[in-house]
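Chemist: Contents of entry_34.tsv (TSV, C-alpha atoms (C1' of nucleotides)):
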```tsv
chain	number	residue	atom	x	y	z
A	1	MET	CA	12.70	6.14	24.09
A	2	PRO	CA	14.80	7.48	21.37
A	3	GLU	CA	13.92	8.48	17.88
A	4	LEU	CA	16.37	9.90	15.38
A	5	PRO	CA	16.77	13.34	17.05
A	6	GLU	CA	17.48	11.90	20.49
A	7	VAL	CA	20.01	9.44	19.11
A	8	GLU	CA	21.64	12.29	17.19
A	9	ILE	CA	22.08	14.25	20.43
A	10	VAL	CA	23.59	11.24	22.15
A	11	LYS	CA	25.90	10.74	19.19
A	12	LYS	CA	27.12	14.32	19.35
A	13	SER	CA	27.89	14.18	23.03
A	14	LEU	CA	29.62	10.82	22.70
A	15	ASN	CA	31.84	12.36	20.03
A	16	LYS	CA	32.76	15.10	22.47
A	17	LYS	CA	33.53	12.76	25.33
A	18	ILE	CA	34.86	9.43	24.08
A	19	LYS	CA	36.17	10.01	20.58
A	20	ASN	CA	39.78	8.80	20.28
A	21	GLU	CA	39.54	7.04	23.62
A	22	ILE	CA	40.76	3.48	24.00
A	23	ILE	CA	38.55	0.82	25.56
A	24	ARG	CA	40.40	-0.56	28.56
A	25	LYS	CA	37.84	-2.90	30.04
A	26	VAL	CA	34.32	-4.14	29.31
A	27	ILE	CA	31.97	-5.56	31.92
A	28	VAL	CA	28.68	-7.16	30.89
A	29	LYS	CA	26.41	-7.60	33.88
A	30	ASN	CA	23.41	-8.85	31.95
A	31	ARG	CA	23.77	-10.42	28.51
A	32	ASN	CA	20.04	-10.74	27.98
A	33	LEU	CA	19.18	-7.67	25.99
A	34	ARG	CA	16.91	-7.79	22.94
A	35	PHE	CA	19.49	-10.13	21.50
A	36	LYS	CA	21.96	-11.95	23.69
A	37	ILE	CA	25.36	-10.26	24.00
A	38	GLU	CA	27.90	-12.58	22.41
A	39	TYR	CA	30.50	-14.08	24.73
A	40	LYS	CA	33.31	-12.67	22.61
A	41	PHE	CA	31.93	-9.15	23.12
A	42	GLU	CA	34.20	-8.10	25.98
A	43	LYS	CA	37.35	-9.44	24.39
A	44	TYR	CA	36.46	-8.01	21.01
A	45	LEU	CA	36.07	-4.48	22.33
A	46	LYS	CA	39.07	-4.45	24.61
A	47	ASN	CA	41.95	-2.23	23.44
A	48	LYS	CA	39.92	-0.90	20.52
A	49	LYS	CA	40.26	2.80	19.84
A	50	ILE	CA	37.06	4.66	19.05
A	51	ILE	CA	37.74	6.65	15.91
A	52	LYS	CA	34.34	8.28	15.84
A	53	ILE	CA	30.69	7.78	16.66
A	54	GLU	CA	28.16	7.84	13.86
A	55	ARG	CA	24.43	7.40	13.65
A	56	PHE	CA	22.04	5.87	11.18
A	57	SER	CA	18.33	6.10	11.88
A	58	LYS	CA	17.90	5.30	15.58
A	59	TYR	CA	21.19	3.41	15.78
A	60	LEU	CA	24.49	4.57	17.22
A	61	ILE	CA	27.60	3.26	15.52
A	62	LEU	CA	30.91	3.17	17.36
A	63	ILE	CA	33.64	3.00	14.72
A	64	PHE	CA	36.93	1.35	15.66
A	65	GLU	CA	40.15	1.24	13.71
A	66	ASN	CA	40.16	-0.95	10.58
A	67	ASN	CA	36.42	-0.38	10.04
A	68	SER	CA	35.13	-2.73	12.67
A	69	GLY	CA	32.78	-1.42	15.28
A	70	CYS	CA	29.69	-1.75	17.39
A	71	ILE	CA	26.09	-0.86	16.62
A	72	ILE	CA	23.97	0.19	19.58
A	73	HIS	CA	20.20	0.36	19.63
A	74	LEU	CA	18.57	1.93	22.67
A	75	GLY	CA	15.21	0.22	22.30
A	76	MET	CA	12.46	1.92	24.29
A	77	SER	CA	14.27	2.60	27.52
A	78	GLY	CA	18.01	2.48	26.88
A	79	THR	CA	20.15	5.35	28.16
A	80	ILE	CA	23.85	5.99	28.09
A	81	HIS	CA	25.59	7.57	31.05
A	82	LEU	CA	29.16	8.77	31.08
A	83	ILE	CA	30.66	8.91	34.50
A	84	LYS	CA	34.06	10.02	35.64
A	85	LYS	CA	35.96	7.14	37.02
A	86	ASN	CA	36.09	6.96	40.80
A	87	LYS	CA	33.57	9.79	41.10
A	88	LYS	CA	29.84	9.80	40.68
A	89	ASN	CA	30.01	12.86	38.49
A	90	ILE	CA	27.72	12.43	35.55
A	91	PHE	CA	28.28	14.36	32.37
A	92	THR	CA	25.04	15.99	31.41
A	93	ASN	CA	23.52	15.78	27.99
A	94	THR	CA	24.44	12.22	27.35
A	95	SER	CA	21.55	10.37	28.87
A	96	PHE	CA	18.08	11.36	27.87
A	97	TYR	CA	16.66	11.13	31.28
A	98	ASN	CA	19.73	12.86	32.63
A	99	HIS	CA	19.41	11.26	35.99
A	100	PRO	CA	21.27	13.35	38.54
A	101	VAL	CA	22.82	10.11	39.72
A	102	LEU	CA	23.47	6.87	37.93
A	103	PRO	CA	20.38	4.65	38.17
A	104	LYS	CA	20.83	1.86	40.69
A	105	LYS	CA	19.21	-0.88	38.66
A	106	HIS	CA	19.56	-2.12	35.08
A	107	ASN	CA	23.11	-0.98	34.38
A	108	HIS	CA	23.84	-3.86	32.03
A	109	ILE	CA	27.06	-2.90	30.29
A	110	GLU	CA	30.10	-0.91	31.36
A	111	ILE	CA	32.78	0.20	28.93
A	112	GLN	CA	35.75	1.70	30.72
A	113	PHE	CA	38.13	4.21	29.21
A	114	ASP	CA	41.06	5.84	30.95
A	115	LYS	CA	39.11	8.53	32.75
A	116	ILE	CA	35.55	7.89	31.72
A	117	THR	CA	33.19	4.97	32.09
A	118	PHE	CA	30.35	4.44	29.64
A	119	VAL	CA	27.34	2.82	31.31
A	120	TYR	CA	24.43	1.35	29.37
A	121	ASN	CA	21.20	1.33	31.35
A	122	ASP	CA	18.03	-0.27	30.01
A	123	PRO	CA	15.14	-1.35	32.27
A	124	ARG	CA	13.09	-3.00	29.54
A	125	ARG	CA	16.05	-4.51	27.72
A	126	PHE	CA	14.71	-3.89	24.24
A	127	GLY	CA	18.01	-2.38	23.21
A	128	TYR	CA	21.03	-4.29	21.97
A	129	PHE	CA	24.69	-4.19	20.98
A	130	PHE	CA	25.90	-5.73	17.74
A	131	ILE	CA	29.49	-6.14	16.60
A	132	PHE	CA	30.48	-5.72	12.96
A	133	ASN	CA	33.87	-6.68	11.51
A	134	ASN	CA	33.97	-4.52	8.40
A	135	ASN	CA	32.08	-2.12	6.17
A	136	ILE	CA	30.28	-4.89	4.35
A	137	GLU	CA	28.74	-6.21	7.53
A	138	LEU	CA	27.81	-2.69	8.57
A	139	LYS	CA	26.10	-2.01	5.25
A	140	ARG	CA	24.33	-5.34	5.37
A	141	LYS	CA	22.78	-4.41	8.70
A	142	PHE	CA	21.06	-1.39	7.18
A	143	SER	CA	20.46	-2.71	3.69
A	144	LYS	CA	16.70	-3.05	4.17
A	145	PHE	CA	16.23	0.35	5.73
A	146	GLY	CA	14.55	3.17	3.86
A	147	PRO	CA	16.20	6.59	3.54
A	148	GLU	CA	16.32	9.04	6.40
A	149	PRO	CA	14.03	12.04	5.98
A	150	PHE	CA	17.08	14.23	5.29
A	151	SER	CA	18.28	12.02	2.47
A	152	ALA	CA	17.98	13.12	-1.15
A	153	ASN	CA	16.42	9.72	-1.75
A	154	PHE	CA	13.45	10.68	0.37
A	155	ASN	CA	11.94	12.61	-2.51
A	156	ILE	CA	8.58	13.05	-4.14
A	157	GLN	CA	9.07	10.26	-6.67
A	158	TYR	CA	10.06	7.79	-3.96
A	159	VAL	CA	7.32	8.74	-1.52
A	160	SER	CA	4.45	8.97	-3.97
A	161	SER	CA	5.28	5.71	-5.70
A	162	TYR	CA	5.87	3.88	-2.42
A	163	LEU	CA	2.50	4.88	-0.97
A	164	LYS	CA	0.59	4.13	-4.14
A	165	LYS	CA	-1.96	1.31	-3.77
A	166	LYS	CA	-0.99	0.71	-0.15
A	167	GLU	CA	-3.91	-0.15	2.13
A	168	LYS	CA	-2.20	0.58	5.45
A	169	ASN	CA	-2.77	3.92	7.19
A	170	ILE	CA	-0.21	6.65	6.66
A	171	LYS	CA	0.97	6.76	10.26
A	172	ASN	CA	1.98	3.15	9.98
A	173	PHE	CA	4.23	4.02	7.07
A	174	LEU	CA	5.94	6.83	8.94
A	175	LEU	CA	6.78	4.26	11.62
A	176	ASP	CA	7.85	1.68	9.05
A	177	GLN	CA	11.66	1.81	8.89
A	178	LYS	CA	11.62	0.15	5.48
A	179	PHE	CA	9.85	3.21	4.13
A	180	VAL	CA	11.63	5.95	6.07
A	181	SER	CA	14.27	5.56	8.77
A	182	GLY	CA	14.35	7.30	12.10
A	183	ILE	CA	10.78	8.40	12.76
A	184	GLY	CA	9.08	6.99	15.86
A	185	ASN	CA	5.76	7.34	17.59
A	186	ILE	CA	6.14	10.91	18.84
A	187	TYR	CA	7.41	12.50	15.68
A	188	ALA	CA	5.00	10.55	13.45
A	189	SER	CA	2.07	12.22	15.21
A	190	GLU	CA	3.77	15.61	15.16
A	191	ILE	CA	4.66	15.42	11.46
A	192	LEU	CA	1.10	14.45	10.46
A	193	PHE	CA	-0.26	17.36	12.45
A	194	TYR	CA	1.80	19.83	10.43
A	195	CYS	CA	0.75	18.06	7.23
A	196	LYS	CA	-2.93	18.31	8.30
A	197	ILE	CA	-3.31	14.61	7.53
A	198	ASN	CA	-5.35	12.27	9.69
A	199	PRO	CA	-3.12	9.40	10.87
A	200	GLN	CA	-5.76	6.86	9.90
A	201	LYS	CA	-5.87	7.98	6.29
A	202	LYS	CA	-4.98	5.16	3.95
A	203	ALA	CA	-1.65	5.60	2.20
A	204	LYS	CA	-3.21	5.16	-1.22
A	205	LYS	CA	-5.45	8.16	-0.55
A	206	ILE	CA	-2.51	10.47	0.16
A	207	THR	CA	-2.32	13.06	-2.62
A	208	TYR	CA	0.77	14.18	-4.49
A	209	ASN	CA	0.75	17.47	-2.59
A	210	GLU	CA	0.37	15.68	0.72
A	211	CYS	CA	3.44	13.60	-0.16
A	212	LYS	CA	5.32	16.86	-0.58
A	213	GLU	CA	4.09	18.00	2.83
A	214	ILE	CA	5.18	14.74	4.43
A	215	ILE	CA	8.68	15.18	3.02
A	216	LYS	CA	8.86	18.82	4.04
A	217	TYR	CA	7.63	18.37	7.59
A	218	SER	CA	9.51	15.14	8.27
A	219	LYS	CA	12.70	17.11	7.71
A	220	GLN	CA	11.50	20.18	9.56
A	221	VAL	CA	10.15	18.48	12.67
A	222	LEU	CA	13.22	16.30	13.12
A	223	LYS	CA	15.60	19.19	12.50
A	224	ASN	CA	13.83	21.35	15.05
A	225	ALA	CA	13.87	18.53	17.56
A	226	ILE	CA	17.62	18.12	17.10
A	227	LYS	CA	18.11	21.86	17.44
A	228	GLN	CA	16.28	21.73	20.76
A	229	GLY	CA	18.23	18.81	22.09
A	230	GLY	CA	15.51	16.23	21.45
A	231	SER	CA	12.48	15.48	23.57
A	232	SER	CA	12.68	14.53	27.22
A	233	ILE	CA	9.41	12.99	28.27
A	234	ARG	CA	8.68	11.39	31.61
A	235	ASP	CA	10.99	11.87	34.53
A	236	PHE	CA	10.76	15.63	34.26
A	237	LYS	CA	11.24	16.08	37.97
A	238	ASN	CA	14.48	14.20	38.06
A	239	THR	CA	16.20	15.88	35.21
A	240	MET	CA	19.00	18.33	35.60
A	241	GLY	CA	21.57	19.93	33.42
A	242	LYS	CA	20.87	20.16	29.74
A	243	LYS	CA	17.84	18.17	28.82
A	244	GLY	CA	15.95	18.21	25.57
A	245	SER	CA	13.20	20.78	25.29
A	246	PHE	CA	11.29	19.73	22.20
A	247	GLN	CA	8.51	18.33	24.38
A	248	LYS	CA	7.51	21.94	24.95
A	249	ASP	CA	6.86	22.18	21.23
A	250	PHE	CA	4.60	19.16	20.98
A	251	LYS	CA	1.50	20.16	19.06
A	252	VAL	CA	-0.49	16.96	19.55
A	253	TYR	CA	1.59	14.33	21.33
A	254	GLN	CA	0.38	13.90	24.93
A	255	ARG	CA	-2.12	16.72	24.43
A	256	GLU	CA	-5.28	14.63	24.54
A	257	ASN	CA	-8.48	16.68	24.91
A	258	LEU	CA	-6.62	19.99	24.69
A	259	ASN	CA	-7.33	22.63	22.10
A	260	CYS	CA	-5.74	22.33	18.70
A	261	LEU	CA	-2.79	24.74	18.45
A	262	LYS	CA	-3.30	25.51	14.79
A	263	LEU	CA	-4.26	29.14	14.33
A	264	ASN	CA	-8.03	29.60	14.07
A	265	CYS	CA	-8.73	25.87	14.43
A	266	LYS	CA	-11.42	25.10	17.00
A	267	GLY	CA	-10.59	21.41	17.05
A	268	ILE	CA	-9.70	19.18	19.97
A	269	VAL	CA	-6.73	16.86	20.08
A	270	LYS	CA	-7.82	13.23	20.21
A	271	LYS	CA	-5.89	10.12	21.20
A	272	LYS	CA	-6.53	6.89	19.40
A	273	ASN	CA	-4.88	3.52	19.27
A	274	ILE	CA	-3.71	2.82	15.75
A	275	SER	CA	-1.95	-0.50	15.20
A	276	ASN	CA	-1.26	-0.79	18.90
A	277	ARG	CA	0.49	2.56	19.20
A	278	SER	CA	-1.20	5.66	20.53
A	279	SER	CA	-1.74	8.42	18.03
A	280	PHE	CA	-2.60	12.03	18.70
A	281	PHE	CA	-4.31	14.23	16.15
A	282	CYS	CA	-6.69	17.16	15.80
A	283	ASN	CA	-10.22	15.99	15.07
A	284	THR	CA	-10.87	19.01	12.89
A	285	CYS	CA	-7.90	20.17	10.84
A	286	GLN	CA	-6.33	16.78	10.13
A	287	LYS	CA	-8.31	15.26	7.27
B	1	DA	C1'	3.93	-9.33	-0.97
B	2	DA	C1'	1.39	-6.85	2.29
B	3	DG	C1'	-0.85	-6.42	6.53
B	4	DA	C1'	-2.39	-7.74	11.29
B	5	DG	C1'	-1.15	-9.09	15.70
B	6	DG	C1'	1.64	-11.18	19.34
B	7	DC	C1'	5.60	-10.73	21.82
B	8	DC	C1'	9.96	-9.37	24.19
B	9	DC	C1'	10.55	-6.65	29.36
B	10	DT	C1'	10.17	-3.45	33.59
B	11	DG	C1'	8.16	0.45	35.80
B	12	DA	C1'	4.85	4.16	36.53
B	13	DT	C1'	0.28	5.24	37.22
B	14	DA	C1'	-4.77	4.82	37.57
B	15	DG	C1'	-8.68	2.58	39.39
B	16	DC	C1'	-10.87	-0.39	42.57
C	1	DT	C1'	-2.23	-0.59	51.54
C	2	DG	C1'	-2.43	-3.72	47.92
C	3	DC	C1'	-4.12	-5.75	44.05
C	4	DT	C1'	-4.88	-5.59	38.82
C	5	DA	C1'	-4.94	-3.44	34.40
C	6	DT	C1'	-3.04	-0.38	31.15
C	7	DC	C1'	0.39	2.05	28.97
C	8	DA	C1'	5.29	3.55	27.55
C	9	DG	C1'	9.86	7.23	22.72
C	10	DG	C1'	10.76	-0.04	19.20
C	11	DG	C1'	10.83	-3.59	16.20
C	12	DC	C1'	11.20	-8.58	15.32
C	13	DC	C1'	8.73	-12.70	14.22
C	14	DT	C1'	4.86	-15.49	12.67
C	15	DC	C1'	0.69	-16.22	10.46
C	16	DT	C1'	-2.69	-15.38	6.95
```
Kindly transcribe the structure held in the file into structure tokens.
Modeler:
Amino acid sequence: MPELPEVEIVKKSLNKKIKNEIIRKVIVKNRNLRFKIEYKFEKYLKNKKIIKIERFSKYLILIFENNSGCIIHLGMSGTIHLIKKNKKNIFTNTSFYNHPVLPKKHNHIEIQFDKITFVYNDPRRFGYFFIFNNNIELKRKFSKFGPEPFSANFNIQYVSSYLKKKEKNIKNFLLDQKFVSGIGNIYASEILFYCKINPQKKAKKITYNECKEIIKYSKQVLKNAIKQGGSSIRDFKNTMGKKGSFQKDFKVYQRENLNCLKLNCKGIVKKKNISNRSSFFCNTCQK
DNA sequence: AAGAGGCCCTGATAGC
DNA sequence: TGCTATCAGGGCCTCT
């Protein structure tokens, strides 16, 4: 589900709701996420105070005292729900599907605070929780990740030299977290639309100017998505409260066979499987 | 080293 | 109605 903007929104709302709270109890109902939840997990978290919640790429980072903490990845279908204890009152804005009620199935992990319970729901179980003991372990986790689009390191020298001589298509690189961190399948298609680059174009054929466009629009598209509260796709009918609205701004994603939205372009948006992920692009203005 | 492909898992939807 | 196939916002692992 979540790409950088969605995780950023979750991070912000977690900071509003559980910052400075102390973990009173942890219940793991299903340890079999992407990686098995360690047996020390519950004990390790208990009585820890959450100093703040950070984010890197698509990962949430709960920071405890003395620099230990917990990294959370939401996989494809992970959502976080904050419920008031003893009541089924769900805080809006925290889960991306914003179910009006807590889902009945797949609530794998519960983290209880004094007045709030954090519930991790994940039908496909591609997400995971990972404990780190100190800053070194935290850094090690992300040592192989490329810069985020907002980073000063994501600059023209970096991008143009990285893509040089590479045979893979450009969309693949936008999804490659070693190249750039935080972009997923939706925003990769959207960014390439603004750049007027065909997703199948080989990286080595990307010009210097196109590299500049990729940098510019990677920042712009993600920033706009954050500003709009992320994208809420699927489950539109069941949403309530504040949901993301960036899906209304999609130019190509899920717009197969519709007219290209670029001014004066007569093209049609096409959908094509590229490296096992669907890609959307205009057949005319994206070269 | 770089690239291609399989795989992890459940649920929604389309087609027969 | 019920079956099967396909697809879904991710990314790790293996093989070549």
Chemist: Quick one: pull the distance between CA of Val180 in chain A and CA of Glu38 in chain A, Å, one decimal.
Modeler: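 For CA of Val180 in chain A relative to CA of Glu38 in chain A, the distance reads 29.6 Å.
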Chemist: Find the residues around DG10 in chain C up to 10 Å (only C-alpha atoms (C1' of nucleotides) counted), leave out those fewer than 6 positions away in its own chain, and share them as an NGL selection string.
Modeler: :A and (1-3 or 58 or 73-77 or 126-127 or 175 or 184-185)
Chemist: Please measure the separation of CA of Pro5 in chain A and CA of Ile22 in chain A, giving the value in Å to one decimal.
Modeler: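 Atom-to-atom, CA of Pro5 in chain A to CA of Ile22 in chain A, that is 26.9 Å.
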Chemist: CA of Asn172 in chain A and CA of Ser160 in chain A, how far apart in Å?
Modeler: 15.3 Å
Chemist: So that I can see what lies close to range 104-119 of chain A, please list as a PDB file with C-alpha atoms, keeping the file's coordinate frame the residues with an atom at most 9 Å from it, counting only C-alpha atoms (C1' of nucleotides) and leaving out residues fewer than 4 positions away in the same chain.
Modeler:
```
ATOM      1  CA  LYS A  17      33.530  12.760  25.330  1.00  0.00           C
ATOM      2  CA  ILE A  18      34.860   9.430  24.080  1.00  0.00           C
ATOM      3  CA  GLU A  21      39.540   7.040  23.620  1.00  0.00           C
ATOM      4  CA  ILE A  22      40.760   3.480  24.000  1.00  0.00           C
ATOM      5  CA  ILE A  23      38.550   0.820  25.560  1.00  0.00           C
ATOM      6  CA  ARG A  24      40.400  -0.560  28.560  1.00  0.00           C
ATOM      7  CA  LYS A  25      37.840  -2.900  30.040  1.00  0.00           C
ATOM      8  CA  VAL A  26      34.320  -4.140  29.310  1.00  0.00           C
ATOM      9  CA  ILE A  27      31.970  -5.560  31.920  1.00  0.00           C
ATOM     10  CA  VAL A  28      28.680  -7.160  30.890  1.00  0.00           C
ATOM     11  CA  LYS A  29      26.410  -7.600  33.880  1.00  0.00           C
ATOM     12  CA  ASN A  30      23.410  -8.850  31.950  1.00  0.00           C
ATOM     13  CA  ARG A  31      23.770 -10.420  28.510  1.00  0.00           C
ATOM     14  CA  ASN A  32      20.040 -10.740  27.980  1.00  0.00           C
ATOM     15  CA  LEU A  33      19.180  -7.670  25.990  1.00  0.00           C
ATOM     16  CA  GLU A  42      34.200  -8.100  25.980  1.00  0.00           C
ATOM     17  CA  LEU A  45      36.070  -4.480  22.330  1.00  0.00           C
ATOM     18  CA  LYS A  46      39.070  -4.450  24.610  1.00  0.00           C
ATOM     19  CA  THR A  79      20.150   5.350  28.160  1.00  0.00           C
ATOM     20  CA  ILE A  80      23.850   5.990  28.090  1.00  0.00           C
ATOM     21  CA  HIS A  81      25.590   7.570  31.050  1.00  0.00           C
ATOM     22  CA  LEU A  82      29.160   8.770  31.080  1.00  0.00           C
ATOM     23  CA  ILE A  83      30.660   8.910  34.500  1.00  0.00           C
ATOM     24  CA  LYS A  84      34.060  10.020  35.640  1.00  0.00           C
ATOM     25  CA  LYS A  85      35.960   7.140  37.020  1.00  0.00           C
ATOM     26  CA  ASN A  86      36.090   6.960  40.800  1.00  0.00           C
ATOM     27  CA  PRO A 123      15.140  -1.350  32.270  1.00  0.00           C
ATOM     28  CA  ARG A 124      13.090  -3.000  29.540  1.00  0.00           C
ATOM     29  CA  ARG A 125      16.050  -4.510  27.720  1.00  0.00           C
TER      30      ARG A 125
END
```
Chemist: Counting only C-alpha atoms (C1' of nucleotides), a student should be able to say which residues of chain C come within 12 Å of chain A; what is the right answer, written as a PyMOL selection string?
Modeler: chain C and resi 7-12
Chemist: I need the contact residues of chain B against chain A, so if you could list those with any atom within 10 Å, counting all atoms listed in the file, and return them as a list of chain:residue names, that would help.
Modeler: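 Contact residues on the first chain: B:DA2, B:DG3, B:DA4, B:DG5, B:DC8, B:DC9, B:DT10, B:DG11, B:DA12.
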Chemist: May I have the residues from that selection written out with C-alpha atoms (C1' of nucleotides), as a compact mmCIF listing (two decimals), in the frame of the given file?
Modeler:
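Here's the written file part24.txt:
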```txt
# COMPACT_ATOMS: atom_id res chain seq x y z
C1' DA B 2 1.39 -6.85 2.29
C1' DG B 3 -0.85 -6.42 6.53
C1' DA B 4 -2.39 -7.74 11.29
C1' DG B 5 -1.15 -9.09 15.70
C1' DC B 8 9.96 -9.37 24.19
C1' DC B 9 10.55 -6.65 29.36
C1' DT B 10 10.17 -3.45 33.59
C1' DG B 11 8.16 0.45 35.80
C1' DA B 12 4.85 4.16 36.53
```
Chemist: For each of A:Ile51, A:Leu192, A:Asn67, A:Ile72, take the minimum atom-to-atom distance to Tyr217 in chain A, counting only C-alpha atoms, then give the residue where this is smallest.
Modeler: A:Leu192
Chemist: Using all atoms listed in the file, collect all residues at a distance of at most 8 Å from (6.6, 15.6, 20.4) as written in the file, then present them as a compact mmCIF listing (two decimals) with C-alpha atoms, keeping the file's coordinate frame.
Modeler:
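out_33.txt, freshly written:
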```
# COMPACT_ATOMS: atom_id res chain seq x y z
CA ILE A 186 6.14 10.91 18.84
CA TYR A 187 7.41 12.50 15.68
CA SER A 189 2.07 12.22 15.21
CA GLU A 190 3.77 15.61 15.16
CA SER A 231 12.48 15.48 23.57
CA PHE A 246 11.29 19.73 22.20
CA GLN A 247 8.51 18.33 24.38
CA LYS A 248 7.51 21.94 24.95
CA ASP A 249 6.86 22.18 21.23
CA PHE A 250 4.60 19.16 20.98
CA LYS A 251 1.50 20.16 19.06
CA VAL A 252 -0.49 16.96 19.55
CA TYR A 253 1.59 14.33 21.33
CA GLN A 254 0.38 13.90 24.93
```
Chemist: Could you pull the residues within 10 Å of Glu213 in chain A, counting all atoms listed in the file, minus those fewer than 2 positions along the same chain, as a list in words?
Modeler: Ile156, Ile191, Leu192, Tyr194, Cys195, Lys196, Ile197, Thr207, Tyr208, Asn209, Glu210, Cys211, Ile215, Lys216, Tyr217, Ser218 and Lys219 of chain A
